[in-house]
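Peer 1: What follows is my_file.cif, mmCIF, C-alpha atoms and all ligand atoms.
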```cif
data_model
#
loop_
_atom_site.group_PDB
_atom_site.id
_atom_site.type_symbol
_atom_site.label_atom_id
_atom_site.label_comp_id
_atom_site.auth_asym_id
_atom_site.auth_seq_id
_atom_site.Cartn_x
_atom_site.Cartn_y
_atom_site.Cartn_z
ATOM 1 C CA MET A 1 29.663 3.166 -1.071
ATOM 2 C CA VAL A 2 32.004 0.172 -1.115
ATOM 3 C CA ILE A 3 30.838 -2.783 0.948
ATOM 4 C CA SER A 4 32.393 -6.123 1.826
ATOM 5 C CA LYS A 5 30.348 -9.162 2.858
ATOM 6 C CA ARG A 6 31.033 -12.787 3.598
ATOM 7 C CA ILE A 7 28.547 -15.164 2.016
ATOM 8 C CA VAL A 8 28.143 -18.882 1.403
ATOM 9 C CA LEU A 9 27.290 -20.022 -2.125
ATOM 10 C CA HIS A 10 25.616 -23.388 -2.593
ATOM 11 C CA PHE A 11 26.041 -24.660 -6.173
ATOM 12 C CA PRO A 12 23.751 -27.415 -7.407
ATOM 13 C CA GLN A 13 25.632 -30.293 -9.076
ATOM 14 C CA ARG A 14 24.898 -29.041 -12.620
ATOM 15 C CA LEU A 15 26.683 -25.725 -11.891
ATOM 16 C CA VAL A 16 29.750 -26.992 -10.035
ATOM 17 C CA ASP A 17 32.098 -26.793 -13.054
ATOM 18 C CA ARG A 18 30.816 -23.543 -14.543
ATOM 19 C CA PRO A 19 32.900 -20.331 -14.260
ATOM 20 C CA ILE A 20 30.164 -18.458 -12.447
ATOM 21 C CA VAL A 21 32.221 -16.657 -9.857
ATOM 22 C CA SER A 22 34.690 -15.215 -12.379
ATOM 23 C CA ARG A 23 31.815 -13.328 -14.007
ATOM 24 C CA LEU A 24 31.393 -11.366 -10.792
ATOM 25 C CA VAL A 25 34.722 -9.704 -11.588
ATOM 26 C CA ARG A 26 34.268 -9.332 -15.325
ATOM 27 C CA ASP A 27 30.650 -8.194 -15.470
ATOM 28 C CA TYR A 28 29.957 -6.710 -12.041
ATOM 29 C CA ASN A 29 33.267 -5.068 -10.989
ATOM 30 C CA LEU A 30 33.372 -7.085 -7.779
ATOM 31 C CA GLU A 31 36.446 -8.437 -6.060
ATOM 32 C CA PHE A 32 36.267 -11.776 -4.336
ATOM 33 C CA ASN A 33 38.346 -13.725 -1.925
ATOM 34 C CA ILE A 34 37.598 -17.442 -1.622
ATOM 35 C CA LEU A 35 37.769 -18.367 2.047
ATOM 36 C CA LYS A 36 36.739 -21.987 1.583
ATOM 37 C CA ALA A 37 35.571 -24.244 -1.234
ATOM 38 C CA SER A 38 34.445 -27.836 -1.057
ATOM 39 C CA VAL A 39 32.008 -30.369 -2.454
ATOM 40 C CA THR A 40 29.525 -31.868 -0.017
ATOM 41 C CA PRO A 41 28.677 -35.597 0.102
ATOM 42 C CA GLU A 42 25.525 -34.768 -1.910
ATOM 43 C CA GLU A 43 27.866 -33.344 -4.621
ATOM 44 C CA GLU A 44 26.686 -29.799 -4.009
ATOM 45 C CA GLY A 45 29.454 -27.219 -4.390
ATOM 46 C CA LEU A 46 30.008 -24.986 -1.406
ATOM 47 C CA MET A 47 32.040 -21.828 -1.487
ATOM 48 C CA VAL A 48 32.590 -19.267 1.245
ATOM 49 C CA LEU A 49 33.410 -15.915 -0.322
ATOM 50 C CA GLU A 50 34.234 -12.437 0.752
ATOM 51 C CA LEU A 51 32.715 -10.159 -1.856
ATOM 52 C CA THR A 52 33.725 -6.500 -2.146
ATOM 53 C CA GLY A 53 32.432 -3.722 -4.375
ATOM 54 C CA GLU A 54 29.973 -0.889 -4.760
ATOM 55 C CA GLN A 55 26.583 -1.644 -3.197
ATOM 56 C CA GLU A 56 24.848 -1.354 -6.569
ATOM 57 C CA ASP A 57 27.302 -3.762 -8.222
ATOM 58 C CA TYR A 58 27.039 -6.104 -5.253
ATOM 59 C CA ASP A 59 23.240 -6.209 -5.539
ATOM 60 C CA LYS A 60 23.450 -6.887 -9.297
ATOM 61 C CA GLY A 61 26.051 -9.614 -8.758
ATOM 62 C CA ILE A 62 23.888 -11.316 -6.129
ATOM 63 C CA ASN A 63 20.920 -11.085 -8.466
ATOM 64 C CA TYR A 64 22.958 -12.733 -11.237
ATOM 65 C CA LEU A 65 24.034 -15.575 -8.911
ATOM 66 C CA THR A 66 20.481 -16.194 -7.777
ATOM 67 C CA LYS A 67 19.199 -16.291 -11.364
ATOM 68 C CA THR A 68 21.787 -18.911 -12.331
ATOM 69 C CA GLY A 69 20.477 -21.184 -9.573
ATOM 70 C CA VAL A 70 23.085 -20.571 -6.885
ATOM 71 C CA ARG A 71 21.649 -20.465 -3.377
ATOM 72 C CA ILE A 72 23.135 -17.692 -1.282
ATOM 73 C CA GLN A 73 23.350 -17.554 2.446
ATOM 74 C CA SER A 74 24.737 -14.689 4.477
ATOM 75 C CA LEU A 75 27.003 -15.310 7.440
ATOM 76 C CA SER A 76 25.339 -12.941 9.829
ATOM 77 C CA GLN A 77 23.916 -15.823 11.838
ATOM 78 C CA ASP A 78 25.609 -17.757 14.567
ATOM 79 C CA VAL A 79 25.764 -21.551 14.908
ATOM 80 C CA ILE A 80 26.240 -22.943 18.379
ATOM 81 C CA ARG A 81 26.223 -26.414 19.927
ATOM 82 C CA ASN A 82 23.746 -27.356 22.592
ATOM 83 C CA GLU A 83 26.139 -29.320 24.780
ATOM 84 C CA GLU A 84 23.344 -31.118 26.602
ATOM 85 C CA ARG A 85 22.083 -32.639 23.364
ATOM 86 C CA CYS A 86 25.398 -33.653 21.763
ATOM 87 C CA THR A 87 25.939 -37.409 21.925
ATOM 88 C CA HIS A 88 29.469 -37.161 20.398
ATOM 89 C CA CYS A 89 28.424 -39.441 17.551
ATOM 90 C CA GLY A 90 30.837 -37.721 15.127
ATOM 91 C CA ALA A 91 28.404 -37.323 12.218
ATOM 92 C CA CYS A 92 29.328 -33.649 11.921
ATOM 93 C CA ILE A 93 33.077 -34.168 11.514
ATOM 94 C CA THR A 94 33.262 -34.967 7.803
ATOM 95 C CA ILE A 95 30.372 -32.637 6.934
ATOM 96 C CA CYS A 96 31.997 -29.463 8.233
ATOM 97 C CA PRO A 97 33.951 -27.688 5.445
ATOM 98 C CA THR A 98 36.163 -25.783 7.877
ATOM 99 C CA GLY A 99 37.126 -28.648 10.173
ATOM 100 C CA ALA A 100 35.437 -27.104 13.208
ATOM 101 C CA PHE A 101 34.883 -30.523 14.816
ATOM 102 C CA GLU A 102 37.556 -32.936 15.969
ATOM 103 C CA VAL A 103 37.692 -36.018 18.135
ATOM 104 C CA ASP A 104 39.743 -35.638 21.287
ATOM 105 C CA PRO A 105 42.313 -38.457 21.045
ATOM 106 C CA ILE A 106 42.107 -39.197 24.758
ATOM 107 C CA THR A 107 38.473 -38.720 25.759
ATOM 108 C CA ARG A 108 37.051 -39.640 22.270
ATOM 109 C CA LEU A 109 34.609 -36.766 22.716
ATOM 110 C CA VAL A 110 33.886 -34.513 19.739
ATOM 111 C CA ASN A 111 35.166 -30.982 20.348
ATOM 112 C CA PHE A 112 33.556 -28.034 18.601
ATOM 113 C CA HIS A 113 35.915 -25.160 17.779
ATOM 114 C CA ASP A 114 33.439 -22.372 17.231
ATOM 115 C CA GLU A 115 36.181 -19.927 16.170
ATOM 116 C CA LYS A 116 36.522 -21.995 12.966
ATOM 117 C CA CYS A 117 32.791 -22.031 12.265
ATOM 118 C CA LEU A 118 31.615 -20.005 9.263
ATOM 119 C CA ALA A 119 27.944 -20.642 9.987
ATOM 120 C CA CYS A 120 27.295 -22.496 6.734
ATOM 121 C CA GLY A 121 24.644 -24.567 8.522
ATOM 122 C CA LEU A 122 25.579 -27.951 7.017
ATOM 123 C CA CYS A 123 25.998 -29.613 10.408
ATOM 124 C CA ILE A 124 22.510 -28.642 11.521
ATOM 125 C CA LYS A 125 20.699 -31.167 9.322
ATOM 126 C CA ALA A 126 23.491 -33.723 9.733
ATOM 127 C CA CYS A 127 23.319 -33.852 13.521
ATOM 128 C CA PRO A 128 21.007 -36.717 14.610
ATOM 129 C CA PRO A 129 19.981 -35.285 18.022
ATOM 130 C CA ARG A 130 19.742 -31.723 16.609
ATOM 131 C CA ALA A 131 22.460 -30.405 18.892
ATOM 132 C CA MET A 132 23.644 -27.783 16.404
ATOM 133 C CA GLU A 133 21.457 -24.722 16.530
ATOM 134 C CA VAL A 134 21.320 -21.536 14.521
ATOM 135 C CA HIS A 135 20.826 -18.257 16.337
ATOM 136 C CA PHE A 136 19.982 -15.082 14.439
HETATM 137 S S1 LIG B 201 26.610 -34.706 14.904
HETATM 138 FE FE1 LIG B 201 25.655 -33.636 16.625
HETATM 139 S S2 LIG B 201 25.565 -35.158 18.246
HETATM 140 FE FE2 LIG B 201 27.013 -35.923 16.748
HETATM 141 S S3 LIG B 201 29.005 -35.147 17.505
HETATM 142 FE FE3 LIG B 201 28.247 -33.650 16.038
HETATM 143 S S4 LIG B 201 27.171 -32.135 17.315
HETATM 144 FE FE4 LIG B 201 27.428 -33.958 18.569
HETATM 145 S S1 LIG B 202 27.886 -24.386 10.588
HETATM 146 FE FE1 LIG B 202 28.578 -26.427 11.176
HETATM 147 S S2 LIG B 202 29.326 -27.355 9.267
HETATM 148 FE FE2 LIG B 202 29.218 -25.134 8.917
HETATM 149 S S3 LIG B 202 31.243 -24.309 9.445
HETATM 150 FE FE3 LIG B 202 30.008 -24.170 11.309
HETATM 151 S S4 LIG B 202 30.408 -26.046 12.408
HETATM 152 FE FE4 LIG B 202 31.101 -26.383 10.307
#
```
Rewrite the coordinates I just gave you, this time as structure tokens.
Peer 2:
Amino acid sequence: MVISKRIVLHFPQRLVDRPIVSRLVRDYNLEFNILKASVTPEEEGLMVLELTGEQEDYDKGINYLTKTGVRIQSLSQDVIRNEERCTHCGACITICPTGAFEVDPITRLVNFHDEKCLACGLCIKACPPRAMEVHF
């Protein structure tokens, strides 16, 4: 059975330049589509991938990634903003790899465009009043 999943890969600094993802094609018969790639302020690599292939190959590919030290997160969760807690401080703006936050030029309030959110979770720790919440 062919499956297709969207996942977030977190690469520690020592792995950022290694050709890890290309081995998923060569050794595990998987196809991938990079939806987003960036380096966080802590120099961790972050890549949002859509991975497609046979379930068995997919499981082996994920196992390989985990063994190399890549942290994998699925995107089945939902990140929302608790509007009552948000102080519009703006700390989330540069953290978000997909640009889901922006300052309204008139009101100076920080808007959250949840349709852009890929649920990577980076804003959750970065938000001082803990306004960003993950819902499973
Ligand atoms: S970091 Fe938190 S409090 Fe600050 S603007 Fe973003 S969601 Fe609001
Ligand atoms: S979880 Fe937060 S940082 Fe990640 S994409 Fe969504 S809004 Fe941006």
Peer 1: Write out as a Markdown table a residue-level contact list of chain A versus ligand LIG 202 (chain B) with cut-off 10 Å: for each qualifying residue the closest pair of atoms and the distance in Å to one decimal, counting all atoms listed in the file, rows sorted by chain and residue number upward.
Peer 2:
```
| residue | atom | partner | partner_atom | distance |
| --- | --- | --- | --- | --- |
| A:Val8 | CA | B:LIG202 | FE2 | 9.8 |
| A:Lys36 | CA | B:LIG202 | S3 | 9.9 |
| A:Val48 | CA | B:LIG202 | S3 | 9.7 |
| A:Leu75 | CA | B:LIG202 | S1 | 9.6 |
| A:Gln77 | CA | B:LIG202 | S1 | 9.5 |
| A:Asp78 | CA | B:LIG202 | S1 | 8.1 |
| A:Val79 | CA | B:LIG202 | S1 | 5.6 |
| A:Ile80 | CA | B:LIG202 | S4 | 7.9 |
| A:Arg81 | CA | B:LIG202 | S4 | 8.6 |
| A:Cys92 | CA | B:LIG202 | S2 | 6.8 |
| A:Ile93 | CA | B:LIG202 | S2 | 8.1 |
| A:Thr94 | CA | B:LIG202 | S2 | 8.7 |
| A:Ile95 | CA | B:LIG202 | S2 | 5.9 |
| A:Cys96 | CA | B:LIG202 | S2 | 3.6 |
| A:Pro97 | CA | B:LIG202 | FE4 | 5.8 |
| A:Thr98 | CA | B:LIG202 | S3 | 5.4 |
| A:Gly99 | CA | B:LIG202 | FE4 | 6.4 |
| A:Ala100 | CA | B:LIG202 | S4 | 5.2 |
| A:Phe101 | CA | B:LIG202 | S4 | 6.8 |
| A:Phe112 | CA | B:LIG202 | S4 | 7.2 |
| A:His113 | CA | B:LIG202 | S4 | 7.7 |
| A:Asp114 | CA | B:LIG202 | S4 | 6.8 |
| A:Glu115 | CA | B:LIG202 | FE3 | 8.9 |
| A:Lys116 | CA | B:LIG202 | S3 | 6.8 |
| A:Cys117 | CA | B:LIG202 | FE3 | 3.6 |
| A:Leu118 | CA | B:LIG202 | S3 | 4.3 |
| A:Ala119 | CA | B:LIG202 | S1 | 3.8 |
| A:Cys120 | CA | B:LIG202 | FE2 | 3.9 |
| A:Gly121 | CA | B:LIG202 | S1 | 3.8 |
| A:Leu122 | CA | B:LIG202 | S2 | 4.4 |
| A:Cys123 | CA | B:LIG202 | FE1 | 4.2 |
| A:Ile124 | CA | B:LIG202 | FE1 | 6.5 |
| A:Lys125 | CA | B:LIG202 | FE1 | 9.4 |
| A:Ala126 | CA | B:LIG202 | S2 | 8.6 |
| A:Cys127 | CA | B:LIG202 | FE1 | 9.4 |
| A:Met132 | CA | B:LIG202 | FE1 | 7.3 |
| A:Glu133 | CA | B:LIG202 | S1 | 8.8 |
| A:Val134 | CA | B:LIG202 | S1 | 8.2 |
```
Peer 1: For ligand LIG 201 (chain B), return the neighbouring residues as a PyMOL selection string (distance at most 6 Å; only C-alpha atoms and all ligand atoms).
Peer 2: chain A and resi 86-92+110+127-129+131-132
Peer 1: If we count all atoms listed in the file and set the cut-off at 12 Å, which residues sit around Ile62 (chain A), ignoring sequence neighbours fewer than 4 positions away in its own chain? Please answer as number ranges by chain.
Peer 2: A: 5, 7-9, 20-21, 23-24, 27-28, 30, 51-53, 55-58, 66-74
Peer 1: Using CA of Arg85 (chain A) and CA of Glu43 (chain A) as the two end points, give the distance in Å to one decimal.
Peer 2: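 Computing it gives 28.6 Å between the two atoms.
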Peer 1: List every protein, DNA or RNA residue with an atom no more than 10 Å from (28.4, -29.7, 0.4) in the file's coordinates, counting all atoms listed in the file, and format the result as a list in words.
Peer 2: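 Protein and nucleic acid residues near the point are His10, Phe11, Pro12, Gln13, Ala37, Ser38, Val39, Thr40, Pro41, Glu42, Glu43, Glu44, Gly45, Leu46, Met47, Ile95, Cys96, Pro97, Cys120 and Leu122 of chain A.
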Peer 1: One decimal, in Å: what's the spacing between CA of Glu102 (chain A) and CA of Arg130 (chain A)?
Peer 2: 17.9 Å
Peer 1: Fewer than 3 positions away in the same chain doesn't count, so skip those; otherwise give me all residues within 7 Å of Glu50 (chain A), counting only C-alpha atoms, as a count of residues only.
Peer 2: 7
Peer 1: Using Å and a single decimal, report how far CA of His135 (chain A) sits from CA of Leu109 (chain A).
Peer 2: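 Going from CA of Leu109 (chain A) over to CA of His135 (chain A) covers 23.9 Å.
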Peer 1: Taking all atoms of region 54-65 of chain A that the file lists and extending 4 Å past them on each side, where is the centre of the axis-aligned box and how long are its edges? Answer in Å to one decimal, as JSON.
Peer 2:
```
{"center_x": 25.4, "center_y": -8.2, "center_z": -7.2, "size_x": 17.1, "size_y": 22.7, "size_z": 16.0}
```
